[in-house]
Structure formats: structure tokens, C-alpha cells
file entry09.pdb (PDB, C-alpha atoms)
ATOM      1  CA  MET A   1      -9.488  11.780   7.756
ATOM      2  CA  LYS A   2     -10.104   8.721   5.598
ATOM      3  CA  ILE A   3      -6.762   7.447   4.283
ATOM      4  CA  ALA A   4      -6.739   4.661   1.697
ATOM      5  CA  SER A   5      -4.171   2.533  -0.056
ATOM      6  CA  PHE A   6      -4.996   1.248  -3.539
ATOM      7  CA  ASN A   7      -2.727  -0.613  -5.953
ATOM      8  CA  ILE A   8      -4.374   0.531  -9.163
ATOM      9  CA  ASN A   9      -2.402  -1.758 -11.533
ATOM     10  CA  GLY A  10      -1.988   0.850 -14.262
ATOM     11  CA  VAL A  11      -3.618   4.239 -13.743
ATOM     12  CA  LYS A  12      -4.428   4.799 -17.398
ATOM     13  CA  ALA A  13      -6.064   1.401 -17.823
ATOM     14  CA  ARG A  14      -8.026   1.744 -14.563
ATOM     15  CA  LEU A  15      -8.778   5.467 -14.635
ATOM     16  CA  PRO A  16     -12.584   5.101 -15.027
ATOM     17  CA  ALA A  17     -12.680   2.636 -12.127
ATOM     18  CA  LEU A  18     -10.462   4.880 -10.014
ATOM     19  CA  LEU A  19     -12.579   7.972 -10.656
ATOM     20  CA  GLU A  20     -15.798   6.089  -9.889
ATOM     21  CA  TRP A  21     -14.360   4.862  -6.599
ATOM     22  CA  LEU A  22     -13.051   8.316  -5.657
ATOM     23  CA  ARG A  23     -16.516   9.796  -6.223
ATOM     24  CA  GLU A  24     -18.300   7.062  -4.263
ATOM     25  CA  ALA A  25     -15.877   6.408  -1.387
ATOM     26  CA  ALA A  26     -14.648  10.019  -1.108
ATOM     27  CA  PRO A  27     -11.351   9.259   0.677
ATOM     28  CA  ASP A  28      -9.430  12.279   1.904
ATOM     29  CA  VAL A  29      -6.095  10.715   0.950
ATOM     30  CA  VAL A  30      -5.185   7.886  -1.409
ATOM     31  CA  ILE A  31      -1.767   6.283  -1.445
ATOM     32  CA  THR A  32      -1.635   4.428  -4.731
ATOM     33  CA  GLN A  33       0.836   2.020  -6.308
ATOM     34  CA  GLU A  34       1.717   0.540  -9.683
ATOM     35  CA  ILE A  35       0.661   3.672 -11.507
ATOM     36  CA  LYS A  36       2.891   2.495 -14.384
ATOM     37  CA  SER A  37       3.319   6.030 -15.692
ATOM     38  CA  VAL A  38       6.006   8.673 -15.825
ATOM     39  CA  ASP A  39       5.150  11.811 -13.870
ATOM     40  CA  GLU A  40       4.417  13.998 -16.875
ATOM     41  CA  ALA A  41       1.999  11.440 -18.383
ATOM     42  CA  PHE A  42      -0.017  10.838 -15.204
ATOM     43  CA  PRO A  43      -3.710  11.735 -15.815
ATOM     44  CA  ARG A  44      -3.812  14.495 -13.221
ATOM     45  CA  GLU A  45      -6.657  16.633 -14.527
ATOM     46  CA  PRO A  46      -9.685  14.385 -13.944
ATOM     47  CA  ILE A  47      -8.399  13.548 -10.455
ATOM     48  CA  GLU A  48      -7.702  17.191  -9.645
ATOM     49  CA  ASP A  49     -11.220  18.019 -10.870
ATOM     50  CA  LEU A  50     -12.500  15.888  -7.976
ATOM     51  CA  GLY A  51     -10.645  18.124  -5.522
ATOM     52  CA  TYR A  52      -7.387  16.237  -5.053
ATOM     53  CA  ASN A  53      -3.835  17.483  -4.957
ATOM     54  CA  VAL A  54      -1.669  15.020  -6.882
ATOM     55  CA  GLU A  55       1.983  14.126  -6.307
ATOM     56  CA  THR A  56       3.664  11.272  -8.163
ATOM     57  CA  HIS A  57       6.904   9.342  -8.295
ATOM     58  CA  GLY A  58       6.564   7.588 -11.608
ATOM     59  CA  GLN A  59       8.428   5.198 -13.843
ATOM     60  CA  LYS A  60       7.710   4.168 -17.415
ATOM     61  CA  GLY A  61       5.734   0.964 -17.802
ATOM     62  CA  PHE A  62       5.928  -0.405 -14.256
ATOM     63  CA  ASN A  63       6.159   0.474 -10.554
ATOM     64  CA  GLY A  64       5.332   4.072  -9.628
ATOM     65  CA  VAL A  65       3.605   5.516  -6.557
ATOM     66  CA  ALA A  66       1.433   8.563  -5.939
ATOM     67  CA  ILE A  67      -0.405  10.445  -3.210
ATOM     68  CA  LEU A  68      -3.797  12.015  -3.900
ATOM     69  CA  SER A  69      -4.945  14.364  -1.133
ATOM     70  CA  LYS A  70      -7.798  16.776  -0.572
ATOM     71  CA  ARG A  71      -5.499  18.668   1.807
ATOM     72  CA  PRO A  72      -2.264  20.357   0.759
ATOM     73  CA  LEU A  73       0.784  18.082   0.646
ATOM     74  CA  GLU A  74       3.884  19.522   2.279
ATOM     75  CA  ASP A  75       7.524  18.488   2.645
ATOM     76  CA  LEU A  76       7.384  16.052  -0.269
ATOM     77  CA  THR A  77      10.179  13.532  -0.798
ATOM     78  CA  ARG A  78      10.587  10.777  -3.361
ATOM     79  CA  GLY A  79      12.629   7.587  -3.084
ATOM     80  CA  LEU A  80      13.420   5.393  -0.079
ATOM     81  CA  PRO A  81      16.696   6.431   1.587
ATOM     82  CA  GLY A  82      19.618   4.065   1.892
ATOM     83  CA  ASP A  83      20.590   3.205  -1.694
ATOM     84  CA  PRO A  84      21.368   6.123  -4.032
ATOM     85  CA  GLU A  85      21.704   3.706  -6.962
ATOM     86  CA  ASP A  86      18.157   2.366  -6.637
ATOM     87  CA  GLU A  87      16.201   3.894  -9.528
ATOM     88  CA  GLN A  88      12.934   2.016  -9.021
ATOM     89  CA  ALA A  89       9.994   4.290  -8.167
ATOM     90  CA  ARG A  90       8.629   2.654  -5.024
ATOM     91  CA  TRP A  91       8.463   5.287  -2.252
ATOM     92  CA  ILE A  92       6.898   8.711  -1.717
ATOM     93  CA  GLU A  93       6.370  10.810   1.431
ATOM     94  CA  ALA A  94       4.456  13.974   2.302
ATOM     95  CA  THR A  95       2.829  15.658   5.278
ATOM     96  CA  VAL A  96      -0.743  16.832   5.789
ATOM     97  CA  SER A  97      -1.796  19.109   8.639
ATOM     98  CA  GLY A  98      -4.986  19.400  10.638
ATOM     99  CA  ASP A  99      -6.446  20.401  13.991
ATOM    100  CA  ALA A 100      -5.010  17.317  15.701
ATOM    101  CA  GLY A 101      -1.538  17.959  14.297
ATOM    102  CA  ALA A 102       0.570  16.928  11.341
ATOM    103  CA  LEU A 103       0.485  13.442   9.837
ATOM    104  CA  ARG A 104       3.291  12.002   7.730
ATOM    105  CA  LEU A 105       2.083   9.920   4.781
ATOM    106  CA  CYS A 106       4.498   7.316   3.445
ATOM    107  CA  GLY A 107       3.466   5.432   0.320
ATOM    108  CA  LEU A 108       5.288   2.283  -0.749
ATOM    109  CA  TYR A 109       5.286  -0.423  -3.378
ATOM    110  CA  LEU A 110       7.509  -3.099  -1.878
ATOM    111  CA  PRO A 111       9.316  -5.400  -4.350
ATOM    112  CA  ASN A 112       7.627  -8.698  -5.195
ATOM    113  CA  GLY A 113      10.846 -10.695  -4.902
ATOM    114  CA  ASN A 114      10.011 -13.647  -7.126
ATOM    115  CA  PRO A 115      11.610 -15.900  -8.137
ATOM    116  CA  ALA A 116      13.118 -16.777  -4.775
ATOM    117  CA  PRO A 117      15.888 -17.413  -4.069
ATOM    118  CA  GLY A 118      17.658 -15.104  -6.489
ATOM    119  CA  PRO A 119      18.634 -11.476  -7.114
ATOM    120  CA  LYS A 120      15.040 -10.216  -7.021
ATOM    121  CA  TYR A 121      14.511 -11.734  -3.607
ATOM    122  CA  GLU A 122      17.789 -10.319  -2.344
ATOM    123  CA  TYR A 123      16.624  -6.896  -3.558
ATOM    124  CA  LYS A 124      13.318  -7.356  -1.707
ATOM    125  CA  LEU A 125      15.012  -8.183   1.594
ATOM    126  CA  ALA A 126      17.506  -5.341   1.195
ATOM    127  CA  TRP A 127      14.625  -2.960   0.450
ATOM    128  CA  MET A 128      12.859  -4.145   3.599
ATOM    129  CA  GLU A 129      15.996  -3.392   5.602
ATOM    130  CA  ARG A 130      15.952   0.159   4.257
ATOM    131  CA  LEU A 131      12.240   0.378   5.069
ATOM    132  CA  HIS A 132      12.960  -0.759   8.617
ATOM    133  CA  ALA A 133      15.584   1.965   8.979
ATOM    134  CA  ARG A 134      13.176   4.674   7.751
ATOM    135  CA  CYS A 135      10.364   3.457  10.006
ATOM    136  CA  ALA A 136      12.776   3.391  12.964
ATOM    137  CA  GLU A 137      13.551   7.048  12.247
ATOM    138  CA  LEU A 138       9.853   7.943  12.241
ATOM    139  CA  VAL A 139       9.275   6.111  15.520
ATOM    140  CA  ALA A 140      12.366   7.617  17.168
ATOM    141  CA  ALA A 141      11.243  11.103  16.116
ATOM    142  CA  GLU A 142       7.807  10.382  17.617
ATOM    143  CA  GLU A 143       6.160  11.350  14.329
ATOM    144  CA  ALA A 144       2.535  10.508  13.647
ATOM    145  CA  ALA A 145       2.901   8.561  10.408
ATOM    146  CA  VAL A 146       0.956   6.170   8.213
ATOM    147  CA  ILE A 147       3.171   3.835   6.181
ATOM    148  CA  GLY A 148       0.792   2.388   3.610
ATOM    149  CA  GLY A 149       0.843   0.505   0.377
ATOM    150  CA  ASP A 150       1.341  -2.810  -1.360
ATOM    151  CA  TYR A 151       3.837  -4.557   0.899
ATOM    152  CA  ASN A 152       3.881  -7.784  -1.123
ATOM    153  CA  VAL A 153       3.949  -9.548   2.246
ATOM    154  CA  ILE A 154       1.461 -12.135   3.508
ATOM    155  CA  PRO A 155       1.976 -11.691   7.259
ATOM    156  CA  GLN A 156       0.522 -14.970   8.521
ATOM    157  CA  ALA A 157      -1.574 -18.006   7.627
ATOM    158  CA  GLU A 158      -4.837 -16.141   8.329
ATOM    159  CA  ASP A 159      -3.967 -13.795   5.467
ATOM    160  CA  VAL A 160      -3.912 -16.372   2.647
ATOM    161  CA  HIS A 161      -6.571 -18.724   1.303
ATOM    162  CA  ASP A 162      -4.164 -21.683   1.049
ATOM    163  CA  PRO A 163      -0.882 -21.323   2.965
ATOM    164  CA  ALA A 164       0.583 -24.502   1.494
ATOM    165  CA  ALA A 165       0.146 -23.196  -2.051
ATOM    166  CA  TRP A 166       2.190 -20.100  -1.195
ATOM    167  CA  ALA A 167       4.860 -21.794   0.918
ATOM    168  CA  GLY A 168       7.674 -21.190  -1.595
ATOM    169  CA  ASP A 169       6.548 -17.765  -2.769
ATOM    170  CA  ALA A 170       8.579 -14.658  -1.936
ATOM    171  CA  LEU A 171       5.475 -13.055  -0.433
ATOM    172  CA  TYR A 172       5.178 -15.780   2.216
ATOM    173  CA  LEU A 173       8.680 -17.078   2.816
ATOM    174  CA  TYR A 174       9.797 -17.097   6.440
ATOM    175  CA  GLU A 175      12.437 -14.414   5.822
ATOM    176  CA  THR A 176       9.798 -12.109   4.333
ATOM    177  CA  ARG A 177       7.392 -12.548   7.218
ATOM    178  CA  ALA A 178      10.218 -12.136   9.729
ATOM    179  CA  ALA A 179      11.211  -8.822   8.125
ATOM    180  CA  TYR A 180       7.590  -7.674   8.373
ATOM    181  CA  ARG A 181       7.449  -8.677  12.054
ATOM    182  CA  ARG A 182      10.585  -6.629  12.634
ATOM    183  CA  LEU A 183       8.623  -3.599  11.418
ATOM    184  CA  LEU A 184       5.843  -4.316  13.885
ATOM    185  CA  SER A 185       8.413  -4.790  16.655
ATOM    186  CA  LEU A 186       9.366  -1.135  16.242
ATOM    187  CA  GLY A 187       5.980  -0.321  17.712
ATOM    188  CA  LEU A 188       3.991  -0.042  14.481
ATOM    189  CA  THR A 189       0.321  -1.037  14.440
ATOM    190  CA  ASP A 190      -1.245  -3.068  11.632
ATOM    191  CA  ALA A 191      -4.378  -0.934  11.405
ATOM    192  CA  PHE A 192      -6.568  -3.624   9.870
ATOM    193  CA  ARG A 193      -5.758  -6.260  12.471
ATOM    194  CA  ALA A 194      -6.474  -3.735  15.212
ATOM    195  CA  PHE A 195     -10.157  -4.029  14.222
ATOM    196  CA  GLU A 196     -10.586  -7.311  12.345
ATOM    197  CA  PRO A 197      -9.147 -10.590  13.710
ATOM    198  CA  ARG A 198     -11.023 -12.970  11.402
ATOM    199  CA  PRO A 199      -9.208 -14.954   8.670
ATOM    200  CA  GLY A 200     -10.257 -14.793   5.031
ATOM    201  CA  GLN A 201      -9.943 -11.007   4.683
ATOM    202  CA  TYR A 202      -8.006 -10.224   1.516
ATOM    203  CA  THR A 203      -6.872  -7.273  -0.617
ATOM    204  CA  PHE A 204      -5.635  -9.137  -3.721
ATOM    205  CA  TRP A 205      -7.193 -11.791  -5.941
ATOM    206  CA  ASP A 206      -5.485 -13.071  -9.085
ATOM    207  CA  TYR A 207      -7.280 -12.628 -12.398
ATOM    208  CA  GLN A 208      -6.911 -16.358 -13.122
ATOM    209  CA  ALA A 209      -8.665 -19.549 -11.979
ATOM    210  CA  GLY A 210     -11.746 -17.863 -10.574
ATOM    211  CA  ALA A 211      -9.798 -16.461  -7.633
ATOM    212  CA  TRP A 212     -12.177 -13.537  -7.063
ATOM    213  CA  PRO A 213     -15.554 -15.341  -7.082
ATOM    214  CA  ARG A 214     -14.047 -18.159  -5.004
ATOM    215  CA  ASN A 215     -12.423 -15.702  -2.570
ATOM    216  CA  ARG A 216      -9.017 -17.281  -3.075
ATOM    217  CA  GLY A 217      -7.078 -14.189  -2.114
ATOM    218  CA  ILE A 218      -4.241 -12.845  -0.021
ATOM    219  CA  ARG A 219      -3.855  -9.825   2.276
ATOM    220  CA  ILE A 220      -0.767  -7.930   1.107
ATOM    221  CA  ASP A 221      -1.884  -4.278   1.226
ATOM    222  CA  HIS A 222      -1.289  -2.820   4.682
ATOM    223  CA  LEU A 223      -1.539   0.407   6.642
ATOM    224  CA  LEU A 224       1.047   0.488   9.437
ATOM    225  CA  LEU A 225       0.874   3.329  11.959
ATOM    226  CA  THR A 226       3.446   4.742  14.332
ATOM    227  CA  PRO A 227       2.280   4.935  17.976
ATOM    228  CA  GLN A 228       1.384   8.613  17.657
ATOM    229  CA  ALA A 229      -0.825   7.866  14.640
ATOM    230  CA  ALA A 230      -2.266   4.694  16.180
ATOM    231  CA  ASP A 231      -3.494   6.788  19.110
ATOM    232  CA  ARG A 232      -5.646   8.675  16.606
ATOM    233  CA  LEU A 233      -6.876   5.580  14.720
ATOM    234  CA  LYS A 234     -10.677   5.275  14.598
ATOM    235  CA  ASP A 235     -11.351   2.439  12.129
ATOM    236  CA  CYS A 236      -9.831   0.359   9.331
ATOM    237  CA  ARG A 237     -11.595  -1.735   6.681
ATOM    238  CA  ILE A 238     -11.098  -3.386   3.315
ATOM    239  CA  ASP A 239     -13.357  -2.060   0.551
ATOM    240  CA  ARG A 240     -14.096  -5.078  -1.665
ATOM    241  CA  GLY A 241     -16.361  -3.140  -4.021
ATOM    242  CA  PRO A 242     -13.844  -2.024  -6.665
ATOM    243  CA  ARG A 243     -12.520  -5.566  -7.205
ATOM    244  CA  GLY A 244     -15.960  -6.628  -8.411
ATOM    245  CA  GLY A 245     -16.336  -3.690 -10.795
ATOM    246  CA  GLU A 246     -15.678  -3.214 -14.504
ATOM    247  CA  LYS A 247     -12.058  -3.810 -15.624
ATOM    248  CA  PRO A 248     -10.833  -3.867 -12.027
ATOM    249  CA  SER A 249      -7.378  -3.858 -10.551
ATOM    250  CA  ASP A 250      -6.408  -7.197  -9.044
ATOM    251  CA  HIS A 251      -6.148  -5.320  -5.720
ATOM    252  CA  THR A 252      -8.888  -3.556  -3.791
ATOM    253  CA  PRO A 253      -8.569  -0.541  -1.464
ATOM    254  CA  ILE A 254      -7.922  -0.679   2.255
ATOM    255  CA  TRP A 255      -8.736   2.433   4.287
ATOM    256  CA  ALA A 256      -8.309   3.794   7.792
ATOM    257  CA  GLU A 257      -9.879   6.707   9.619
ATOM    258  CA  VAL A 258      -7.312   8.752  11.527
ATOM    259  CA  GLU A 259      -7.989  11.937  13.477
ATOM    260  CA  VAL A 260      -6.109  14.817  11.837
TER     261      VAL A 260
END
call {"tool": "encode", "arguments": {"input": "entry09.pdb", "output": "C-alpha cells"}}
result
Amino acid sequence: MKIASFNINGVKARLPALLEWLREAAPDVVITQEIKSVDEAFPREPIEDLGYNVETHGQKGFNGVAILSKRPLEDLTRGLPGDPEDEQARWIEATVSGDAGALRLCGLYLPNGNPAPGPKYEYKLAWMERLHARCAELVAAEEAAVIGGDYNVIPQAEDVHDPAAWAGDALYLYETRAAYRRLLSLGLTDAFRAFEPRPGQYTFWDYQAGAWPRNRGIRIDHLLLTPQAADRLKDCRIDRGPRGGEKPSDHTPIWAEVEV
């Protein structure tokens, strides 16, 4: 099964690009972020016409996550546990089944956190604590799970074109990277780094200052796998193609092949 994460940066604005990529790349599952649409306004039909089941957790104008799957989605939940007052649409979960067993799909859009320090950064760190708790549950239950999405975390210097330029940014602050390492310490595998050790591999390039043609990017979109899912991991790559297309998102997809 080919499982991808793609921050689409507005599904209505990027729908032609999304549909073109779905036809060409033919992922089995897409975890997508920043759909920027309420559930009832999400453009389901053209995506369903390509053979996908669609489940969304939307919010008007910003945030929003969705799972697109060629296999049925079961046991769907919306919202990250741990804060009943959090109304931001940033988390969705569902299960797909196959010959190798069930696989839990967890889609996230982690808070940006800027400006830091400040309330937005405090919310980011608190959200990461809740994420840690949910991932710990998945690991303790020995569930095969893929926790994928826009983490808004630059894990290390190899994942940013100019570490000094990002030193004070919420995506690269020590506390942010430490919280990410705590996730890995649970036993999660960064699928991309399991196959690609080289620096300069990015998933996001700003629209400004020629970032894309100059490859001045950052790697902030990640697929983390529990041990049971990592045992079934076959490959993981970044697909740079969509970022160079017409009216692109500022992110590009990352995908993994997992036996299901």
C-alpha cells in the first residue's frame, strides 16, 4: 500500500493539481492537511470519482485534515484526545484492513507555533504533549500505525537549507526538536530517514525569494511508524513533482510503501 502525506494548502485552490497528482501517482491512501474547508463544502465528488473514500475533519478558512483511501475506512475518529476545549481541526484517525492485517492511519496538522515565545508556541508544545500521549497508547497497544502529516518540525540541521536562518523559529527551536525526539524515543521510525540519510531533502519551499528553484527548503512533513508498521515498511520517498507544477502547494507529497 502506498501511503502519502500532502499538505495541499487549500483544497479548493489546489484541486486541479491534487487531481492530477492522484491520477499520476495513484497512492492508495492520502493523509492531507490544510484543506481549509468545512466538511460539507469539501469537493468530494471529483476525488471519489477517482476511486477514493473521503473522510474529513474540516474548519472554515484554515486548518483541516482529511484521509482519502481506496480501501474502506473503519473506526473513524476526529480530534486529538487530551483537550476537550480544543476546537482546531488538526487530527483524524481511521483503520484500513488487508491481508497483512489492520493498519491505523493517523493524520495530523501540528500547530506552527510562531511567534515564539508566546501563546501560539505554548499551544504547539501542549499539542505535542497530547500527540506523545496518543502515540504512546498506539505503541503500548502494539498497533501497526502510520502517524503522518505536516508536523511543522525541522528535526535536525540536515533538514533545513540554512539552520542559522531558522534558529529562532518555532519549527526549529530546541524545545520543538526535543519534543519530536521524544516521539521517536517511544520506538517510532521516521520512515524517510530509514531510507535516505542525505541532507538537502525537503518537503516545503516558501513561495518567496526563489526558494523553490534554489532548493532553499525544509523537511517538515513526516511519516512516523510504530514498530509493527515499521516491520512492514518497504520504501519511503519525497515526490518533488507537484511542487514544480501549476499553482502548486508550498508543500510536496511524501509517501511510504507499507505491506497491508
call {"tool": "resolve_selection", "arguments": {"input": "entry09.pdb", "expression": "the PyMOL selection byres ((chain A and resi 80-82) around 12)", "output": "ChimeraX atom specification"}}
result
/A:57,65,77-79,83-93,106-110,126-135,137
call {"tool": "closest_residue", "arguments": {"input": "entry09.pdb", "among": "A:Asp28, A:Lys120, A:Val11, A:Ala211", "to": "A:Thr56", "atoms": "all atoms listed in the file"}}
result
A:Val11
call {"tool": "resolve_selection", "arguments": {"input": "entry09.pdb", "expression": "the PyMOL selection byres ((chain A and resi 229) around 9)", "output": "PyMOL selection string"}}
result
chain A and resi 103+143-146+189+225-228+230-233+258-259
call {"tool": "resolve_selection", "arguments": {"input": "entry09.pdb", "expression": "the PyMOL selection byres ((chain A and resi 35-42) around 9)", "output": "list in words"}}
result
Asn7, Ile8, Asn9, Gly10, Val11, Lys12, Thr32, Gln33, Glu34, Pro43, Arg44, Glu45, Glu55, Thr56, His57, Gly58, Gln59, Lys60, Gly61, Phe62, Asn63, Gly64, Val65 and Ala66 of chain A
call {"tool": "atom_distance", "arguments": {"input": "entry09.pdb", "atom1": "atom CA of A:Trp166", "atom2": "atom CA of A:Ala17"}}
result
29.3 Å
call {"tool": "closest_residue", "arguments": {"input": "entry09.pdb", "among": "A:Leu223, A:Ala209, A:Ala136, A:Ile218", "to": "A:His161", "atoms": "all atoms listed in the file"}}
result
A:Ile218
call {"tool": "closest_residue", "arguments": {"input": "entry09.pdb", "among": "A:Ala116, A:Leu15, A:Val29, A:Ala191", "to": "A:Glu175", "atoms": "all atoms listed in the file"}}
result
A:Ala116
call {"tool": "atom_distance", "arguments": {"input": "entry09.pdb", "atom1": "atom CA of A:Pro119", "atom2": "atom CA of A:His251"}}
result
25.6 Å
call {"tool": "build_atoms", "arguments": {"input": "entry09.pdb", "residues": "stretch 82-98 of chain A", "atoms": "N, CA and C atoms", "output": "compact mmCIF listing (two decimals), keeping the file's coordinate frame"}}
result
# COMPACT_ATOMS: atom_id res chain seq x y z
N GLY A 82 18.77 5.20 1.59
CA GLY A 82 19.62 4.07 1.89
C GLY A 82 20.34 3.44 0.73
N ASP A 83 19.92 3.75 -0.52
CA ASP A 83 20.59 3.20 -1.69
C ASP A 83 20.47 4.21 -2.83
N PRO A 84 21.45 5.08 -3.00
CA PRO A 84 21.37 6.12 -4.03
C PRO A 84 21.34 5.56 -5.45
N GLU A 85 21.70 4.31 -5.64
CA GLU A 85 21.70 3.71 -6.96
C GLU A 85 20.38 3.04 -7.32
N ASP A 86 19.46 2.98 -6.38
CA ASP A 86 18.16 2.37 -6.64
C ASP A 86 17.28 3.35 -7.42
N GLU A 87 16.97 3.00 -8.66
CA GLU A 87 16.20 3.89 -9.53
C GLU A 87 14.73 3.49 -9.63
N GLN A 88 14.33 2.45 -8.93
CA GLN A 88 12.93 2.02 -9.02
C GLN A 88 12.03 2.93 -8.19
N ALA A 89 10.91 3.32 -8.78
CA ALA A 89 9.99 4.29 -8.17
C ALA A 89 9.03 3.56 -7.25
N ARG A 90 9.39 3.47 -5.96
CA ARG A 90 8.63 2.65 -5.02
C ARG A 90 8.29 3.37 -3.71
N TRP A 91 8.66 4.62 -3.55
CA TRP A 91 8.46 5.29 -2.25
C TRP A 91 8.20 6.77 -2.45
N ILE A 92 7.21 7.29 -1.71
CA ILE A 92 6.90 8.71 -1.72
C ILE A 92 6.40 9.10 -0.33
N GLU A 93 6.77 10.32 0.11
CA GLU A 93 6.37 10.81 1.43
C GLU A 93 5.87 12.25 1.32
N ALA A 94 4.91 12.59 2.17
CA ALA A 94 4.46 13.97 2.30
C ALA A 94 3.73 14.12 3.63
N THR A 95 3.50 15.36 4.02
CA THR A 95 2.83 15.66 5.28
C THR A 95 1.54 16.42 5.02
N VAL A 96 0.49 16.05 5.76
CA VAL A 96 -0.74 16.83 5.79
C VAL A 96 -0.94 17.35 7.20
N SER A 97 -1.59 18.49 7.33
CA SER A 97 -1.80 19.11 8.64
C SER A 97 -3.28 19.28 8.92
N GLY A 98 -3.61 19.22 10.21
CA GLY A 98 -4.99 19.40 10.64
C GLY A 98 -5.04 19.87 12.07
